Amino acid sequence: MRVGRLTGPLAAIVVLTLTSAGCGLSGGDSGSGDATAGGCKVDKGNVGSGALTGDITGKITFQTTNLKKDFGSFFNGVIKAFEKAHPGASVKWIDDPGDSQFTQRNVADAQACTLPDVINLNSETATPLTKAGYLLNVGVKDPSASKPFVPAFWNSSTMKDASGASVHTVLPWYTGGILLTYNTEMLKKSGIDPAKPPTTIFGLFADYEKVAKAAKGKYFATMANPIWRIPADWDQMNIKTLSSDGKSAVFASDPRTTQWVSWMAKLYKEGAMPKDSLSSSNDPSTPYSQGQVAYGSTNPSFVRFVKQNSPSVYAKTGVGQQPFDALGHTTGAPQYIGVAATSKHAATALSFAEFLTNAQNQTAWCKDPAVVIFPTTTTSLDDPFFTTVTGNDAFAQARKLVSEQLKTTTAYQTSLSPAVQNAIVAQVQLAMQGKKSAAQAVKDAQDKANELLKQGS
């Protein structure tokens, strides 16, 4: 998940000591001779087997996702530290807004052979870039790349290449956990005990229904657009969305998928969701802060947004555990850092990617008191800051709950291409509008998903 909703400057900047990325890169350029990556001409050292070699020199571009405004000082410090450790290298930082066109925009850059050297990605964007061969296979190019990371998070960075083989084309960066955030006053009016969050997705849906009945159109439970729930809810329910090789959709074979769609249609019809939010924004940040919906974002950092933008609503905000459901623990992929296979200075790019994601830099950023994000390195999570959490306010409780989650999370999330996800979502939307039965929508969604998967979309 992105930290896109975080606002305000860092409260403190931690001075970083200089360390190398530790990937042992040396030699001349990253190789010699021409090869191709995603149709782009690249140095042969960037692809195939064998560890990457090359001097840490040259100018590279580093792209984040909606972080520059709020965290400029911190990341400029990281860049300056890296450049001081490697005088022959320079890093140009750019920031993508992280809007709905994020994947499309970066895939287009990759096809034009202009993908940034080091890039902040979510799983939805890393999936097509990996499949098309535009990302460096860091697991091969640096065999020691996995060492700093919690195994669950490293495993979450497994992607599929064009042949269906598992590859590690991204480094796990930060994670935010998944929580319920809610207006305690609205829940109490609906007969819901805020201190006893539901343990299943369908239990949460039942609470949405209670809110709708109590609100009678004056406010709503949640937003209608199902795009943020697919496949996240299904993962939590342990519904298999794709086959093990990722080449076909299988969710229709689980009867709970149809039950899930039936619930969504019922809730939409009963007024648990704003009618105009079915295909528009899925972000509840503003409506929650304005007292229009009872449940806010599942991103723990959302509580900071509310505290800054609506103190009166923050005073009523509570946090609870996202339903563990059938899985027995939470899932959720972290944000990732990828290196472009098309980079002209791949050794420098990989070195910076590993420097950025090392334990020291992850710990320094995640310790900022104004954010609720967590590191993916073992050493960082052993820090008392993450193992001992005090305070009873919503912010402290969010940090405490996520700390508990990280002890058991699989850090896994099914990766769907935007085309496949949108095809599934479109069918669910039709069912929610009453234009199809839930069963028919699920069948059609799987058929359309399989058509796209066969086409390689």
# chains A, B, ... in the order shown; residues from 1 in each chain; ligands from 1

call {"tool": "select_by_dssp", "arguments": {"residues": "segment 271-436 of chain A", "states": "alpha helix (DSSP H)", "output": "number ranges by chain"}}
result
A: 285-289, 302-309, 311-314, 346-356, 359-366, 378-381, 384-387, 394-405, 418-432

call {"tool": "residues_around", "arguments": {"residues": "segment 270-275 of chain A", "least_positions_apart": "2", "cutoff": "6 Å", "atoms": "only C-alpha atoms", "output": "PyMOL selection string"}}
result
chain A and resi 212+220-224+267-268+277

call {"tool": "closest_residue", "arguments": {"among": "A:Tyr412, A:Trp93, A:Phe305, A:Phe385", "to": "Thr65 of chain A", "atoms": "only C-alpha atoms"}}
result
A:Trp93

call {"tool": "residues_around", "arguments": {"residues": "Thr114 of chain A", "least_positions_apart": "6", "cutoff": "10 Å", "atoms": "only C-alpha atoms", "output": "ChimeraX atom specification"}}
result
/A:40,106-108,340,342-343

call {"tool": "closest_residue", "arguments": {"among": "A:Lys344, A:Ala326, A:Ala438, A:Pro97", "to": "Trp263 of chain A", "atoms": "only C-alpha atoms"}}
result
A:Ala438

call {"tool": "residues_around", "arguments": {"residues": "Ile230 of chain A", "least_positions_apart": "2", "cutoff": "10 Å", "atoms": "only C-alpha atoms", "output": "number ranges by chain"}}
result
A: 226-228, 232-235, 241, 414, 416, 421-422, 424-425, 428

call {"tool": "residues_around", "arguments": {"residues": "Pro311 of chain A", "least_positions_apart": "5", "cutoff": "9 Å", "atoms": "only C-alpha atoms", "output": "PyMOL selection string"}}
result
chain A and resi 289+306+316

call {"tool": "write_last_selection", "arguments": {"atoms": "N, CA and C atoms", "output": "mmCIF file, in the first residue's frame"}}
result
data_model
loop_
_atom_site.group_PDB
_atom_site.id
_atom_site.type_symbol
_atom_site.label_atom_id
_atom_site.label_comp_id
_atom_site.auth_asym_id
_atom_site.auth_seq_id
_atom_site.Cartn_x
_atom_site.Cartn_y
_atom_site.Cartn_z
ATOM 1 N N SER A 289 -13.640 11.893 6.869
ATOM 2 C CA SER A 289 -13.273 13.078 7.642
ATOM 3 C C SER A 289 -14.426 14.067 7.735
ATOM 4 N N VAL A 306 -6.729 11.874 9.275
ATOM 5 C CA VAL A 306 -7.922 12.325 9.996
ATOM 6 C C VAL A 306 -7.543 13.298 11.105
ATOM 7 N N LYS A 316 -13.406 10.751 17.642
ATOM 8 C CA LYS A 316 -14.347 9.636 17.645
ATOM 9 C C LYS A 316 -13.808 8.417 16.913
#

call {"tool": "residues_around", "arguments": {"residues": "Leu406 of chain A", "least_positions_apart": "6", "cutoff": "12 Å", "atoms": "only C-alpha atoms", "output": "tab-separated table (two decimals) with N, CA and C atoms, in the first residue's frame"}}
result
chain	number	residue	atom	x	y	z
A	150	VAL	N	12.88	-9.95	6.21
A	150	VAL	CA	12.04	-10.97	6.83
A	150	VAL	C	11.62	-11.94	5.72
A	151	PRO	N	11.77	-13.25	5.92
A	151	PRO	CA	11.45	-14.20	4.85
A	151	PRO	C	10.07	-14.01	4.23
A	152	ALA	N	9.06	-13.71	5.05
A	152	ALA	CA	7.71	-13.52	4.50
A	152	ALA	C	7.67	-12.37	3.51
A	153	PHE	N	8.39	-11.31	3.82
A	153	PHE	CA	8.39	-10.16	2.91
A	153	PHE	C	9.21	-10.44	1.65
A	174	TYR	N	8.64	-0.88	2.42
A	174	TYR	CA	7.90	-0.65	3.66
A	174	TYR	C	6.50	-1.25	3.55
A	175	THR	N	5.90	-1.50	4.68
A	175	THR	CA	4.55	-2.04	4.70
A	175	THR	C	3.72	-1.24	5.69
A	176	GLY	N	2.42	-1.25	5.50
A	176	GLY	CA	1.58	-0.44	6.36
A	176	GLY	C	0.60	-1.23	7.20
A	177	GLY	N	0.49	-2.53	6.94
A	177	GLY	CA	-0.50	-3.30	7.67
A	177	GLY	C	-1.90	-2.99	7.16
A	178	ILE	N	-2.88	-3.68	7.70
A	178	ILE	CA	-4.27	-3.50	7.32
A	178	ILE	C	-5.11	-3.47	8.59
A	329	HIS	N	-4.77	-15.11	9.75
A	329	HIS	CA	-3.84	-14.00	9.94
A	329	HIS	C	-4.03	-13.05	8.77
A	330	THR	N	-3.41	-11.90	8.85
A	330	THR	CA	-3.60	-10.92	7.79
A	330	THR	C	-2.63	-11.14	6.64
A	331	THR	N	-3.01	-10.62	5.48
A	331	THR	CA	-2.13	-10.63	4.32
A	331	THR	C	-1.97	-9.21	3.84
A	332	GLY	N	-1.11	-9.03	2.91
A	332	GLY	CA	-0.94	-7.70	2.32
A	332	GLY	C	0.49	-7.51	1.86
A	333	ALA	N	0.65	-7.18	0.60
A	333	ALA	CA	2.00	-7.00	0.06
A	333	ALA	C	2.55	-5.64	0.45
A	334	PRO	N	3.84	-5.55	0.71
A	334	PRO	CA	4.44	-4.25	0.99
A	334	PRO	C	4.64	-3.47	-0.30
A	373	ILE	N	4.10	3.30	9.43
A	373	ILE	CA	4.61	2.35	8.44
A	373	ILE	C	5.63	1.48	9.14
A	374	PHE	N	5.90	0.34	8.53
A	374	PHE	CA	6.77	-0.64	9.17
A	374	PHE	C	7.81	-1.15	8.19
A	375	PRO	N	8.99	-1.47	8.69
A	375	PRO	CA	10.07	-1.94	7.84
A	375	PRO	C	9.91	-3.42	7.48
A	376	THR	N	10.67	-3.86	6.51
A	376	THR	CA	10.62	-5.25	6.06
A	376	THR	C	11.90	-6.00	6.35
A	377	THR	N	12.82	-5.38	7.07
A	377	THR	CA	14.08	-6.04	7.40
A	377	THR	C	14.03	-6.61	8.82
A	378	THR	N	14.67	-7.74	9.00
A	378	THR	CA	14.66	-8.43	10.30
A	378	THR	C	15.24	-7.56	11.40
A	381	LEU	N	12.84	-4.74	12.59
A	381	LEU	CA	11.68	-5.18	13.38
A	381	LEU	C	12.07	-5.64	14.78
A	382	ASP	N	13.35	-5.87	15.00
A	382	ASP	CA	13.82	-6.22	16.34
A	382	ASP	C	14.04	-4.99	17.21
A	386	PHE	N	9.50	-0.93	17.59
A	386	PHE	CA	8.44	-1.71	16.98
A	386	PHE	C	7.94	-2.83	17.88
A	387	THR	N	8.74	-3.21	18.86
A	387	THR	CA	8.33	-4.31	19.74
A	387	THR	C	7.63	-3.82	21.00
A	399	ARG	N	-0.41	1.52	15.52
A	399	ARG	CA	0.96	1.00	15.49
A	399	ARG	C	1.05	-0.31	16.26
A	400	LYS	N	0.35	-0.40	17.38
A	400	LYS	CA	0.38	-1.62	18.20
A	400	LYS	C	-0.23	-2.81	17.45
A	412	TYR	N	1.51	-11.67	1.82
A	412	TYR	CA	1.19	-12.16	0.48
A	412	TYR	C	-0.07	-11.49	-0.05

call {"tool": "residues_around", "arguments": {"residues": "Ser244 of chain A", "least_positions_apart": "4", "cutoff": "12 Å", "atoms": "only C-alpha atoms", "output": "PyMOL selection string"}}
result
chain A and resi 160+164-166+240+248-250+414-415

call {"tool": "write_last_selection", "arguments": {"atoms": "C-alpha atoms", "output": "compact mmCIF listing (two decimals), in the first residue's frame"}}
result
# COMPACT_ATOMS: atom_id res chain seq x y z
CA LYS A 160 6.23 -14.53 -12.53
CA GLY A 164 5.62 -18.57 -15.58
CA ALA A 165 8.83 -19.10 -13.61
CA SER A 166 9.14 -17.44 -10.19
CA LYS A 240 -7.96 -18.80 -4.52
CA SER A 248 -6.01 -19.15 -15.13
CA ALA A 249 -8.72 -17.76 -12.84
CA VAL A 250 -10.29 -20.23 -10.42
CA THR A 414 -2.53 -12.12 -5.20
CA SER A 415 -1.17 -10.06 -8.08

call {"tool": "closest_residue", "arguments": {"among": "A:Asp393, A:Asp43, A:Asp245, A:Asp383", "to": "Ala347 of chain A", "atoms": "only C-alpha atoms"}}
result
A:Asp43

call {"tool": "closest_residue", "arguments": {"among": "A:Gly50, A:Gly217, A:Gly338, A:Pro255", "to": "Gln63 of chain A", "atoms": "only C-alpha atoms"}}
result
A:Gly338

call {"tool": "closest_residue", "arguments": {"among": "A:Ala419, A:Ala37, A:Ile201, A:Leu179", "to": "Gly456 of chain A", "atoms": "only C-alpha atoms"}}
result
A:Ala419

call {"tool": "decode", "arguments": {"residues": "segment 275-312 of chain A", "atoms": "C-alpha atoms", "output": "mmCIF file, in the first residue's frame"}}
result
data_model
loop_
_atom_site.group_PDB
_atom_site.id
_atom_site.type_symbol
_atom_site.label_atom_id
_atom_site.label_comp_id
_atom_site.auth_asym_id
_atom_site.auth_seq_id
_atom_site.Cartn_x
_atom_site.Cartn_y
_atom_site.Cartn_z
ATOM 1 C CA LYS A 275 -24.741 5.216 -4.936
ATOM 2 C CA ASP A 276 -22.411 7.563 -6.800
ATOM 3 C CA SER A 277 -19.279 5.819 -5.483
ATOM 4 C CA LEU A 278 -19.769 2.547 -7.365
ATOM 5 C CA SER A 279 -17.387 3.403 -10.187
ATOM 6 C CA SER A 280 -15.800 6.589 -8.898
ATOM 7 C CA SER A 281 -13.439 7.064 -6.003
ATOM 8 C CA ASN A 282 -12.775 4.164 -3.686
ATOM 9 C CA ASP A 283 -10.900 6.397 -1.246
ATOM 10 C CA PRO A 284 -12.936 7.109 1.908
ATOM 11 C CA SER A 285 -10.440 9.645 3.304
ATOM 12 C CA THR A 286 -12.430 12.817 2.613
ATOM 13 C CA PRO A 287 -15.956 11.464 3.189
ATOM 14 C CA TYR A 288 -14.849 9.840 6.440
ATOM 15 C CA SER A 289 -13.273 13.078 7.642
ATOM 16 C CA GLN A 290 -16.511 14.873 6.802
ATOM 17 C CA GLY A 291 -18.600 12.388 8.789
ATOM 18 C CA GLN A 292 -20.197 10.848 5.697
ATOM 19 C CA VAL A 293 -19.046 7.237 6.159
ATOM 20 C CA ALA A 294 -18.558 5.148 9.280
ATOM 21 C CA TYR A 295 -15.507 3.184 8.114
ATOM 22 C CA GLY A 296 -12.309 4.795 6.891
ATOM 23 C CA SER A 297 -9.282 3.542 5.025
ATOM 24 C CA THR A 298 -7.643 0.249 5.971
ATOM 25 C CA ASN A 299 -4.249 1.975 5.763
ATOM 26 C CA PRO A 300 -3.016 2.577 9.345
ATOM 27 C CA SER A 301 -1.493 5.887 8.274
ATOM 28 C CA PHE A 302 -5.016 7.070 7.554
ATOM 29 C CA VAL A 303 -5.420 8.014 11.222
ATOM 30 C CA ARG A 304 -2.821 10.747 10.727
ATOM 31 C CA PHE A 305 -4.811 12.154 7.818
ATOM 32 C CA VAL A 306 -7.922 12.325 9.996
ATOM 33 C CA LYS A 307 -6.054 13.850 12.935
ATOM 34 C CA GLN A 308 -4.675 16.628 10.751
ATOM 35 C CA ASN A 309 -7.773 17.315 8.685
ATOM 36 C CA SER A 310 -10.650 16.680 11.080
ATOM 37 C CA PRO A 311 -9.765 16.722 14.796
ATOM 38 C CA SER A 312 -13.426 16.395 15.799
#
